[in-house]
>>> print(open('run.pdb').read())   # PDB, C-alpha atoms
ATOM      1  CA  MET A  16     -39.832  -5.953  71.917
ATOM      2  CA  LYS A  17     -39.283  -9.587  72.495
ATOM      3  CA  GLU A  18     -37.630 -10.541  75.756
ATOM      4  CA  PRO A  19     -34.749 -13.027  75.741
ATOM      5  CA  ASN A  20     -35.797 -16.527  76.500
ATOM      6  CA  SER A  21     -34.912 -17.208  80.122
ATOM      7  CA  ASN A  22     -36.877 -20.391  80.562
ATOM      8  CA  PRO A  23     -34.422 -23.272  81.351
ATOM      9  CA  GLU A  24     -36.890 -25.756  79.914
ATOM     10  CA  ASP A  25     -36.743 -23.970  76.526
ATOM     11  CA  ALA A  26     -32.955 -24.074  76.528
ATOM     12  CA  LYS A  27     -33.045 -27.768  77.203
ATOM     13  CA  LEU A  28     -35.601 -28.285  74.434
ATOM     14  CA  GLY A  29     -33.409 -26.321  72.019
ATOM     15  CA  SER A  30     -30.350 -28.459  72.714
ATOM     16  CA  LEU A  31     -32.442 -31.625  72.290
ATOM     17  CA  LEU A  32     -33.725 -30.404  68.933
ATOM     18  CA  ARG A  33     -30.160 -29.592  67.725
ATOM     19  CA  GLU A  34     -28.995 -33.058  68.687
ATOM     20  CA  SER A  35     -31.951 -34.706  66.937
ATOM     21  CA  ARG A  36     -31.017 -33.022  63.620
ATOM     22  CA  PRO A  37     -27.281 -33.561  63.248
ATOM     23  CA  SER A  38     -25.812 -31.498  60.434
ATOM     24  CA  PRO A  39     -23.913 -33.732  57.973
ATOM     25  CA  SER A  40     -20.254 -32.947  57.473
ATOM     26  CA  LEU A  41     -19.633 -31.068  54.220
ATOM     27  CA  PRO A  42     -17.548 -32.710  51.490
ATOM     28  CA  PRO A  43     -13.980 -31.399  51.128
ATOM     29  CA  ARG A  44     -13.590 -28.080  49.189
ATOM     30  CA  PHE A  45     -17.367 -27.621  49.217
ATOM     31  CA  TYR A  46     -17.331 -23.799  49.355
ATOM     32  CA  GLU A  47     -14.679 -23.562  46.653
ATOM     33  CA  GLY A  48     -16.867 -25.691  44.380
ATOM     34  CA  VAL A  49     -19.882 -23.485  45.026
ATOM     35  CA  TRP A  50     -17.958 -20.373  44.083
ATOM     36  CA  ARG A  51     -16.609 -22.027  40.961
ATOM     37  CA  ARG A  52     -20.108 -22.973  39.816
ATOM     38  CA  MET A  53     -21.359 -19.478  40.461
ATOM     39  CA  GLU A  54     -18.541 -17.971  38.427
ATOM     40  CA  ARG A  55     -19.183 -20.399  35.567
ATOM     41  CA  ALA A  56     -22.838 -19.495  35.380
ATOM     42  CA  GLU A  57     -22.168 -15.696  35.546
ATOM     43  CA  PRO A  58     -25.741 -14.576  35.034
ATOM     44  CA  GLY A  59     -24.786 -11.019  35.994
ATOM     45  CA  ARG A  60     -22.088 -10.727  33.380
ATOM     46  CA  THR A  61     -24.367 -11.714  30.458
ATOM     47  CA  ALA A  62     -26.766  -9.026  31.434
ATOM     48  CA  ASP A  63     -23.899  -6.528  31.742
ATOM     49  CA  SER A  64     -22.428  -7.202  28.257
ATOM     50  CA  SER A  65     -25.852  -7.058  26.658
ATOM     51  CA  GLY A  66     -26.482  -3.751  28.381
ATOM     52  CA  TRP A  67     -23.143  -2.418  27.249
ATOM     53  CA  LEU A  68     -23.879  -3.341  23.619
ATOM     54  CA  ASP A  69     -27.331  -1.795  23.764
ATOM     55  CA  ALA A  70     -25.878   1.375  25.235
ATOM     56  CA  LEU A  71     -23.301   1.506  22.445
ATOM     57  CA  VAL A  72     -25.967   1.089  19.768
ATOM     58  CA  VAL A  73     -28.048   3.851  21.343
ATOM     59  CA  ARG A  74     -25.004   6.114  21.410
ATOM     60  CA  VAL A  75     -23.971   5.297  17.822
ATOM     61  CA  LEU A  76     -27.449   5.978  16.497
ATOM     62  CA  ARG A  77     -27.643   9.438  18.079
ATOM     63  CA  PRO A  78     -27.858  11.949  15.205
ATOM     64  CA  LYS A  79     -25.059  14.172  16.543
ATOM     65  CA  PHE A  80     -22.649  11.295  17.023
ATOM     66  CA  ALA A  81     -23.566   9.668  13.679
ATOM     67  CA  THR A  82     -23.070  12.964  11.821
ATOM     68  CA  ALA A  83     -19.710  13.580  13.474
ATOM     69  CA  VAL A  84     -18.479  10.092  12.606
ATOM     70  CA  ALA A  85     -19.737  10.361   9.012
ATOM     71  CA  VAL A  86     -18.025  13.734   8.501
ATOM     72  CA  THR A  87     -14.784  12.369   9.974
ATOM     73  CA  LEU A  88     -14.899   9.312   7.711
ATOM     74  CA  VAL A  89     -15.593  11.388   4.603
ATOM     75  CA  LEU A  90     -12.746  13.777   5.426
ATOM     76  CA  ALA A  91     -10.289  10.990   6.239
ATOM     77  CA  GLY A  92     -11.211   9.145   3.041
ATOM     78  CA  ALA A  93     -10.863  12.307   0.964
ATOM     79  CA  VAL A  94      -7.453  13.193   2.400
ATOM     80  CA  LEU A  95      -6.078   9.673   1.939
ATOM     81  CA  GLY A  96      -7.620   9.431  -1.530
ATOM     82  CA  MET A  97      -6.039  12.723  -2.555
ATOM     83  CA  GLN A  98      -2.620  11.555  -1.346
ATOM     84  CA  GLN A  99      -2.936   8.288  -3.220
ATOM     85  CA  GLY A 100      -4.316  10.031  -6.304
ATOM     86  CA  THR A 101      -1.449  12.523  -6.369
ATOM     87  CA  GLN A 102       1.101   9.730  -6.147
ATOM     88  CA  ALA A 103      -0.663   7.680  -8.837
ATOM     89  CA  ALA A 104      -0.873  10.686 -11.170
ATOM     90  CA  ARG A 105       2.809  11.457 -10.618
ATOM     91  CA  ARG A 106       3.834   7.855 -11.293
ATOM     92  CA  GLY A 107       1.723   7.799 -14.478
ATOM     93  CA  ALA A 108       3.210  11.074 -15.742
ATOM     94  CA  GLN A 109       6.736   9.841 -14.987
ATOM     95  CA  ALA A 110       6.114   6.556 -16.816
ATOM     96  CA  ARG A 111       4.813   8.457 -19.874
ATOM     97  CA  TYR A 112       7.880  10.715 -19.979
ATOM     98  CA  VAL A 113      10.335   7.823 -19.551
ATOM     99  CA  ALA A 114       8.543   5.816 -22.262
ATOM    100  CA  ALA A 115       8.801   8.815 -24.612
ATOM    101  CA  VAL A 116      12.519   9.519 -24.138
ATOM    102  CA  ALA A 117      13.799   6.026 -23.374
ATOM    103  CA  PRO A 118      11.818   3.356 -25.238
ATOM    104  CA  ASP A 119      12.298  -0.258 -24.151
ATOM    105  CA  ALA A 120      14.507  -0.952 -27.162
ATOM    106  CA  ALA A 121      17.078   1.528 -25.881
ATOM    107  CA  ARG A 122      17.188   0.162 -22.353
TER
ATOM    108  CA  MET B  21     -28.286  -8.530  22.257
ATOM    109  CA  ARG B  22     -28.673 -10.170  18.853
ATOM    110  CA  ARG B  23     -30.582  -7.153  17.581
ATOM    111  CA  SER B  24     -27.871  -4.804  18.859
ATOM    112  CA  LEU B  25     -25.194  -6.855  17.133
ATOM    113  CA  ILE B  26     -27.069  -6.731  13.821
ATOM    114  CA  ILE B  27     -27.498  -2.959  14.089
ATOM    115  CA  LEU B  28     -23.843  -2.490  14.992
ATOM    116  CA  SER B  29     -22.733  -4.641  12.043
ATOM    117  CA  GLY B  30     -24.912  -2.578   9.732
ATOM    118  CA  VAL B  31     -23.473   0.652  11.119
ATOM    119  CA  LEU B  32     -19.927  -0.628  10.607
ATOM    120  CA  ALA B  33     -20.721  -1.677   7.032
ATOM    121  CA  VAL B  34     -22.198   1.738   6.231
ATOM    122  CA  ALA B  35     -19.180   3.461   7.814
ATOM    123  CA  GLY B  36     -16.823   1.346   5.710
ATOM    124  CA  ALA B  37     -18.798   2.131   2.571
ATOM    125  CA  VAL B  38     -18.757   5.886   3.338
ATOM    126  CA  PHE B  39     -14.977   5.839   3.879
ATOM    127  CA  ALA B  40     -14.289   3.730   0.778
ATOM    128  CA  GLY B  41     -16.587   5.861  -1.380
ATOM    129  CA  SER B  42     -14.932   9.076  -0.269
ATOM    130  CA  PHE B  43     -11.458   7.571  -0.760
ATOM    131  CA  PHE B  44     -12.015   6.271  -4.288
ATOM    132  CA  LEU B  45     -13.926   9.350  -5.435
ATOM    133  CA  SER B  46     -11.259  11.797  -4.292
ATOM    134  CA  GLN B  47      -8.509   9.568  -5.681
ATOM    135  CA  ARG B  48     -10.208   9.456  -9.057
ATOM    136  CA  ILE B  49     -10.830  13.205  -9.125
ATOM    137  CA  CYS B  50      -7.214  13.843  -8.191
ATOM    138  CA  VAL B  51      -5.820  11.554 -10.904
ATOM    139  CA  THR B  52      -8.167  13.008 -13.541
ATOM    140  CA  ARG B  53      -7.331  16.609 -12.659
ATOM    141  CA  MET B  54      -3.577  16.093 -12.425
ATOM    142  CA  THR B  55      -3.135  13.940 -15.515
ATOM    143  CA  ASN B  56      -2.637  15.431 -18.935
ATOM    144  CA  PRO B  57      -2.219  12.470 -21.282
ATOM    145  CA  ALA B  58      -1.626  14.741 -24.258
ATOM    146  CA  ASP B  59       1.605  16.114 -22.819
ATOM    147  CA  ASN B  60       4.500  13.760 -22.115
ATOM    148  CA  LEU B  61       6.427  16.567 -20.433
ATOM    149  CA  ASP B  62       3.779  17.075 -17.775
ATOM    150  CA  TRP B  63       5.884  15.172 -15.248
ATOM    151  CA  LEU B  64       8.820  17.586 -15.656
ATOM    152  CA  ARG B  65       6.623  20.573 -14.864
ATOM    153  CA  GLN B  66       5.139  18.863 -11.794
ATOM    154  CA  GLU B  67       8.260  17.240 -10.410
ATOM    155  CA  PHE B  68      10.847  19.939 -11.078
ATOM    156  CA  HIS B  69       8.597  23.006 -10.746
ATOM    157  CA  LEU B  70       9.720  24.496 -14.052
ATOM    158  CA  SER B  71       8.698  27.963 -15.187
ATOM    159  CA  ASP B  72       7.109  28.534 -18.586
ATOM    160  CA  ALA B  73      10.438  29.727 -20.027
ATOM    161  CA  GLU B  74      12.258  26.656 -18.714
ATOM    162  CA  MET B  75       9.496  24.411 -20.021
ATOM    163  CA  ALA B  76       9.772  26.036 -23.448
ATOM    164  CA  ARG B  77      13.527  25.328 -23.536
ATOM    165  CA  VAL B  78      13.012  21.733 -22.412
ATOM    166  CA  ARG B  79      10.205  21.251 -24.943
ATOM    167  CA  LYS B  80      12.435  22.464 -27.760
ATOM    168  CA  LEU B  81      15.159  19.998 -26.748
ATOM    169  CA  HIS B  82      12.588  17.227 -26.414
ATOM    170  CA  ASP B  83      11.087  17.886 -29.845
ATOM    171  CA  GLY B  84      14.558  17.906 -31.374
ATOM    172  CA  TYR B  85      15.494  14.635 -29.690
ATOM    173  CA  LEU B  86      12.379  12.572 -30.561
ATOM    174  CA  PRO B  87      13.104  12.098 -34.313
ATOM    175  CA  LYS B  88      16.679  11.007 -33.539
ATOM    176  CA  CYS B  89      15.366   8.616 -30.894
ATOM    177  CA  GLY B  90      12.777   7.225 -33.324
ATOM    178  CA  GLU B  91      15.418   6.719 -35.999
ATOM    179  CA  MET B  92      17.691   4.872 -33.577
ATOM    180  CA  CYS B  93      14.796   2.651 -32.442
ATOM    181  CA  ALA B  94      14.029   1.760 -36.065
ATOM    182  CA  ARG B  95      17.679   0.818 -36.657
ATOM    183  CA  ILE B  96      17.707  -1.341 -33.511
ATOM    184  CA  ASP B  97      14.479  -3.078 -34.550
ATOM    185  CA  ALA B  98      15.877  -3.783 -38.021
ATOM    186  CA  LYS B  99      19.093  -5.169 -36.523
ATOM    187  CA  LYS B 100      17.129  -7.351 -34.098
ATOM    188  CA  GLN B 101      15.214  -8.808 -37.025
ATOM    189  CA  THR B 102      18.499  -9.527 -38.841
ATOM    190  CA  VAL B 103      19.882 -11.318 -35.771
ATOM    191  CA  LYS B 104      16.704 -13.385 -35.493
ATOM    192  CA  ASP B 105      16.966 -14.334 -39.170
ATOM    193  CA  TRP B 106      20.610 -15.365 -38.760
ATOM    194  CA  LEU B 107      19.831 -17.454 -35.706
ATOM    195  CA  ALA B 108      16.612 -18.998 -37.078
ATOM    196  CA  GLY B 109      16.838 -22.721 -37.709
ATOM    197  CA  GLY B 110      20.513 -22.904 -36.782
ATOM    198  CA  THR B 111      21.870 -25.250 -34.145
ATOM    199  CA  ASN B 112      24.974 -23.221 -33.404
ATOM    200  CA  VAL B 113      26.087 -19.563 -33.456
ATOM    201  CA  THR B 114      27.971 -18.876 -36.656
ATOM    202  CA  ALA B 115      30.651 -16.206 -36.998
ATOM    203  CA  ASP B 116      28.253 -14.065 -39.047
ATOM    204  CA  ALA B 117      25.490 -14.342 -36.450
ATOM    205  CA  GLU B 118      28.015 -13.410 -33.753
ATOM    206  CA  LYS B 119      28.945 -10.310 -35.756
ATOM    207  CA  LYS B 120      25.279  -9.292 -36.013
ATOM    208  CA  VAL B 121      24.799  -9.679 -32.248
ATOM    209  CA  PHE B 122      27.811  -7.422 -31.639
ATOM    210  CA  GLU B 123      26.406  -4.858 -34.079
ATOM    211  CA  LEU B 124      23.085  -4.916 -32.228
ATOM    212  CA  GLY B 125      24.868  -4.335 -28.921
ATOM    213  CA  GLU B 126      26.818  -1.461 -30.448
ATOM    214  CA  LEU B 127      23.635   0.146 -31.756
ATOM    215  CA  ARG B 128      22.047  -0.131 -28.315
ATOM    216  CA  ALA B 129      25.109   1.472 -26.737
ATOM    217  CA  GLN B 130      24.938   4.341 -29.259
ATOM    218  CA  CYS B 131      21.261   4.782 -28.467
ATOM    219  CA  GLN B 132      21.978   4.909 -24.732
ATOM    220  CA  LEU B 133      24.740   7.450 -25.222
ATOM    221  CA  GLN B 134      22.439   9.633 -27.321
ATOM    222  CA  MET B 135      19.824   9.348 -24.601
ATOM    223  CA  LEU B 136      22.275  10.279 -21.853
ATOM    224  CA  ARG B 137      23.479  13.301 -23.851
ATOM    225  CA  HIS B 138      19.861  14.412 -24.187
ATOM    226  CA  PHE B 139      19.328  14.063 -20.426
ATOM    227  CA  VAL B 140      22.420  16.206 -19.802
ATOM    228  CA  GLU B 141      21.131  18.886 -22.201
ATOM    229  CA  VAL B 142      17.714  18.896 -20.555
ATOM    230  CA  SER B 143      19.269  19.079 -17.089
ATOM    231  CA  GLN B 144      21.239  22.125 -18.198
ATOM    232  CA  ALA B 145      18.007  23.823 -19.267
ATOM    233  CA  MET B 146      16.736  23.568 -15.678
ATOM    234  CA  PRO B 147      17.815  25.383 -12.518
ATOM    235  CA  PRO B 148      21.085  23.735 -11.301
ATOM    236  CA  GLU B 149      19.633  21.898  -8.297
ATOM    237  CA  GLN B 150      16.614  20.607 -10.249
ATOM    238  CA  GLY B 151      18.904  19.681 -13.143
ATOM    239  CA  ARG B 152      21.079  17.519 -10.891
ATOM    240  CA  ARG B 153      18.006  15.836  -9.474
ATOM    241  CA  TYR B 154      16.575  15.251 -12.957
ATOM    242  CA  LEU B 155      19.822  13.733 -14.230
ATOM    243  CA  ALA B 156      20.133  11.405 -11.233
ATOM    244  CA  GLN B 157      16.520  10.267 -11.598
ATOM    245  CA  MET B 158      16.772   9.668 -15.331
ATOM    246  CA  GLN B 159      19.983   7.675 -14.974
ATOM    247  CA  ARG B 160      18.356   5.585 -12.263
ATOM    248  CA  LEU B 161      15.182   5.069 -14.307
ATOM    249  CA  THR B 162      16.845   4.231 -17.613
ATOM    250  CA  LEU B 163      20.182   2.599 -16.727
ATOM    251  CA  GLY B 164      18.747   0.937 -13.613
ATOM    252  CA  PHE B 165      16.774  -1.354 -15.906
ATOM    253  CA  HIS B 166      19.950  -3.298 -16.754
ATOM    254  CA  GLU B 167      20.954  -3.486 -13.105
ATOM    255  CA  GLN B 168      17.602  -5.091 -12.271
ATOM    256  CA  VAL B 169      17.996  -7.671 -15.047
ATOM    257  CA  GLU B 170      21.576  -8.446 -14.027
ATOM    258  CA  GLU B 171      20.646  -8.729 -10.357
ATOM    259  CA  SER B 172      17.717 -11.013 -11.113
ATOM    260  CA  MET B 173      20.005 -13.222 -13.215
ATOM    261  CA  SER B 174      22.747 -13.429 -10.604
ATOM    262  CA  ASP B 175      20.174 -14.254  -7.900
ATOM    263  CA  HIS B 176      18.695 -16.990 -10.057
ATOM    264  CA  ALA B 177      19.610 -20.530  -8.973
ATOM    265  CA  GLY B 178      22.565 -21.866 -10.941
ATOM    266  CA  HIS B 179      23.426 -18.414 -12.304
ATOM    267  CA  ALA B 180      25.758 -17.221  -9.580
ATOM    268  CA  HIS B 181      28.354 -15.742 -11.931
ATOM    269  CA  GLY B 182      31.878 -15.725 -10.558
ATOM    270  CA  LYS B 183      30.957 -18.112  -7.768
ATOM    271  CA  ASN B 184      31.646 -21.818  -7.486
TER
END
>>> encode(input="run.pdb", output="structure tokens")
Amino acid sequence: MKEPNSNPEDAKLGSLLRESRPSPSLPPRFYEGVWRRMERAEPGRTADSSGWLDALVVRVLRPKFATAVAVTLVLAGAVLGMQQGTQAARRGAQARYVAAVAPDAAR
Amino acid sequence: MRRSLIILSGVLAVAGAVFAGSFFLSQRICVTRMTNPADNLDWLRQEFHLSDAEMARVRKLHDGYLPKCGEMCARIDAKKQTVKDWLAGGTNVTADAEKKVFELGELRAQCQLQMLRHFVEVSQAMPPEQGRRYLAQMQRLTLGFHEQVEESMSDHAGHAHGKN
């Protein structure tokens, strides 16, 4: 373990050295500027979003997940298609009946 | 990152195609299975849930009405041709042409009355609640045509009848 420096000559030397290298005064709002530049660069965030996207792709390409999504899409499409088809068929049948009993000339 | 984006775009495109394919296929199957183009009365069976006996009564009324309807249409067409001939080449509406236009309107009114009587008969061949619904729908579908024309004309710029 290093003992604390108790030599008065060393203390004197230290103060002389500090005086010989005066630290320049920082420009106004220096620290604020540093933080702003760090935020602008955001190297961490780029890596995070890329990682997030990669993780999503890995998850999407998992066979279980892909199958579940495909089945859901097929079912949703079929249900909506059936609803639309039923309405279209009904409208077509109605138009045929109206055209048969009430031709344009009569209306 | 670029590779992930390309893969994700491809996945989204495939998902869209799967959904669209399923939608259009089931829609087409549904329309094909539910449509019977040979039977004009198909809508009545579907919409008003008629039994076979009720359908038979309605069909009889329908078959009896069609020749009368066809005859009336032929008379209207002939009258329309006469009106066109009277108006052709003229620069003003003569008294004779006016008479023909009135006759055409009268024929159309007769045709509409015959049609409405047929709708009433058909509605009476159905269960009461369905009959009321049928009559209301047919009046809306056939007489509503004139309302649409009249509304479109009164909305038209410079055709605000009764307004200064």
>>> interface_residues(input="run.pdb", of="chain B", to="chain A", cutoff="6 Å", atoms="all atoms listed in the file", output="list in words")
Met21, Ser24, Phe39, Ser42, Phe43, Ser46, Gln47, Cys50, Val51, Thr55, Asn60, Trp63, Arg128 and Cys131 of chain B
>>> residues_around(input="run.pdb", residues="Val121 in chain B", least_positions_apart="2", cutoff="10 Å", atoms="all atoms listed in the file", output="count of residues only")
17
>>> atom_distance(input="run.pdb", atom1="CA of Ser38 in chain A", atom2="CA of Arg55 in chain A")
28.0 Å
>>> resolve_selection(input="run.pdb", expression="the PyMOL selection byres ((chain B and resi 155) around 9)", output="list in words")
Leu136, Phe139, Val140, Val142, Ser143, Gln150, Gly151, Arg152, Arg153, Tyr154, Ala156, Gln157, Met158, Gln159 and Arg160 of chain B
>>> atom_distance(input="run.pdb", atom1="CA of Lys80 in chain B", atom2="CA of His138 in chain B")
11.5 Å
>>> closest_residue(input="run.pdb", among="B:Pro87, B:Arg79, B:Gly30, B:Thr52", to="Arg65 in chain B", atoms="only C-alpha atoms")
B:Arg79
>>> decode(input="run.pdb", residues="range 22-33 of chain A", atoms="all heavy atoms", output="mmCIF file, in the first residue's frame")
data_model
loop_
_atom_site.group_PDB
_atom_site.id
_atom_site.type_symbol
_atom_site.label_atom_id
_atom_site.label_comp_id
_atom_site.auth_asym_id
_atom_site.auth_seq_id
_atom_site.Cartn_x
_atom_site.Cartn_y
_atom_site.Cartn_z
ATOM 1 N N ASN A 22 6.156 14.462 2.314
ATOM 2 C CA ASN A 22 7.322 15.295 2.092
ATOM 3 C C ASN A 22 6.886 16.704 1.702
ATOM 4 O O ASN A 22 6.212 16.899 0.687
ATOM 5 C CB ASN A 22 8.149 14.647 0.964
ATOM 6 C CG ASN A 22 9.512 15.301 0.844
ATOM 7 O OD1 ASN A 22 9.728 16.392 1.375
ATOM 8 N ND2 ASN A 22 10.394 14.640 0.148
ATOM 9 N N PRO A 23 7.300 17.766 2.487
ATOM 10 C CA PRO A 23 6.877 19.134 2.193
ATOM 11 C C PRO A 23 7.476 19.637 0.890
ATOM 12 O O PRO A 23 6.877 20.452 0.198
ATOM 13 C CB PRO A 23 7.381 19.930 3.400
ATOM 14 C CG PRO A 23 8.323 19.067 4.138
ATOM 15 C CD PRO A 23 8.091 17.657 3.724
ATOM 16 N N GLU A 24 8.605 19.052 0.507
ATOM 17 C CA GLU A 24 9.216 19.474 -0.763
ATOM 18 C C GLU A 24 8.331 19.063 -1.937
ATOM 19 O O GLU A 24 8.179 19.811 -2.903
ATOM 20 C CB GLU A 24 10.607 18.803 -0.900
ATOM 21 C CG GLU A 24 11.674 19.357 0.025
ATOM 22 C CD GLU A 24 11.939 20.833 -0.216
ATOM 23 O OE1 GLU A 24 12.080 21.225 -1.408
ATOM 24 O OE2 GLU A 24 11.967 21.615 0.742
ATOM 25 N N ASP A 25 7.756 17.821 -1.831
ATOM 26 C CA ASP A 25 6.871 17.315 -2.891
ATOM 27 C C ASP A 25 5.626 18.180 -3.025
ATOM 28 O O ASP A 25 5.153 18.462 -4.136
ATOM 29 C CB ASP A 25 6.460 15.868 -2.587
ATOM 30 C CG ASP A 25 7.604 14.918 -2.919
ATOM 31 O OD1 ASP A 25 8.623 15.408 -3.448
ATOM 32 O OD2 ASP A 25 7.451 13.719 -2.651
ATOM 33 N N ALA A 26 5.085 18.594 -1.906
ATOM 34 C CA ALA A 26 3.886 19.445 -1.932
ATOM 35 C C ALA A 26 4.193 20.754 -2.620
ATOM 36 O O ALA A 26 3.402 21.267 -3.436
ATOM 37 C CB ALA A 26 3.406 19.697 -0.496
ATOM 38 N N LYS A 27 5.338 21.274 -2.344
ATOM 39 C CA LYS A 27 5.754 22.541 -2.949
ATOM 40 C C LYS A 27 5.919 22.384 -4.462
ATOM 41 O O LYS A 27 5.483 23.228 -5.265
ATOM 42 C CB LYS A 27 7.091 22.955 -2.324
ATOM 43 C CG LYS A 27 7.367 24.454 -2.354
ATOM 44 C CD LYS A 27 8.640 24.732 -1.558
ATOM 45 C CE LYS A 27 9.069 26.168 -1.646
ATOM 46 N NZ LYS A 27 10.335 26.405 -0.922
ATOM 47 N N LEU A 28 6.571 21.221 -4.812
ATOM 48 C CA LEU A 28 6.775 20.931 -6.240
ATOM 49 C C LEU A 28 5.422 20.816 -6.965
ATOM 50 O O LEU A 28 5.248 21.324 -8.077
ATOM 51 C CB LEU A 28 7.565 19.617 -6.366
ATOM 52 C CG LEU A 28 7.907 19.181 -7.797
ATOM 53 C CD1 LEU A 28 8.898 20.172 -8.454
ATOM 54 C CD2 LEU A 28 8.517 17.790 -7.793
ATOM 55 N N GLY A 29 4.494 20.142 -6.312
ATOM 56 C CA GLY A 29 3.156 19.960 -6.911
ATOM 57 C C GLY A 29 2.485 21.302 -7.192
ATOM 58 O O GLY A 29 1.936 21.519 -8.283
ATOM 59 N N SER A 30 2.565 22.209 -6.224
ATOM 60 C CA SER A 30 1.885 23.503 -6.414
ATOM 61 C C SER A 30 2.574 24.294 -7.513
ATOM 62 O O SER A 30 1.920 24.987 -8.313
ATOM 63 C CB SER A 30 1.829 24.281 -5.096
ATOM 64 O OG SER A 30 3.085 24.874 -4.834
ATOM 65 N N LEU A 31 3.919 24.157 -7.614
ATOM 66 C CA LEU A 31 4.650 24.834 -8.685
ATOM 67 C C LEU A 31 4.237 24.312 -10.064
ATOM 68 O O LEU A 31 4.033 25.075 -11.014
ATOM 69 C CB LEU A 31 6.160 24.616 -8.486
ATOM 70 C CG LEU A 31 6.877 25.645 -7.610
ATOM 71 C CD1 LEU A 31 8.305 25.201 -7.310
ATOM 72 C CD2 LEU A 31 6.906 27.024 -8.272
ATOM 73 N N LEU A 32 4.096 22.985 -10.122
ATOM 74 C CA LEU A 32 3.691 22.368 -11.406
ATOM 75 C C LEU A 32 2.290 22.842 -11.830
ATOM 76 O O LEU A 32 2.034 23.102 -13.005
ATOM 77 C CB LEU A 32 3.692 20.833 -11.261
ATOM 78 C CG LEU A 32 5.062 20.153 -11.404
ATOM 79 C CD1 LEU A 32 4.964 18.680 -11.031
ATOM 80 C CD2 LEU A 32 5.563 20.285 -12.840
ATOM 81 N N ARG A 33 1.343 22.887 -10.853
ATOM 82 C CA ARG A 33 -0.025 23.353 -11.161
ATOM 83 C C ARG A 33 -0.027 24.785 -11.699
ATOM 84 O O ARG A 33 -0.742 25.121 -12.628
ATOM 85 C CB ARG A 33 -0.889 23.242 -9.910
ATOM 86 C CG ARG A 33 -1.599 21.889 -9.798
ATOM 87 C CD ARG A 33 -2.731 21.935 -8.802
ATOM 88 N NE ARG A 33 -2.244 22.190 -7.454
ATOM 89 C CZ ARG A 33 -1.773 21.248 -6.648
ATOM 90 N NH1 ARG A 33 -1.721 19.996 -7.039
ATOM 91 N NH2 ARG A 33 -1.343 21.552 -5.435
#
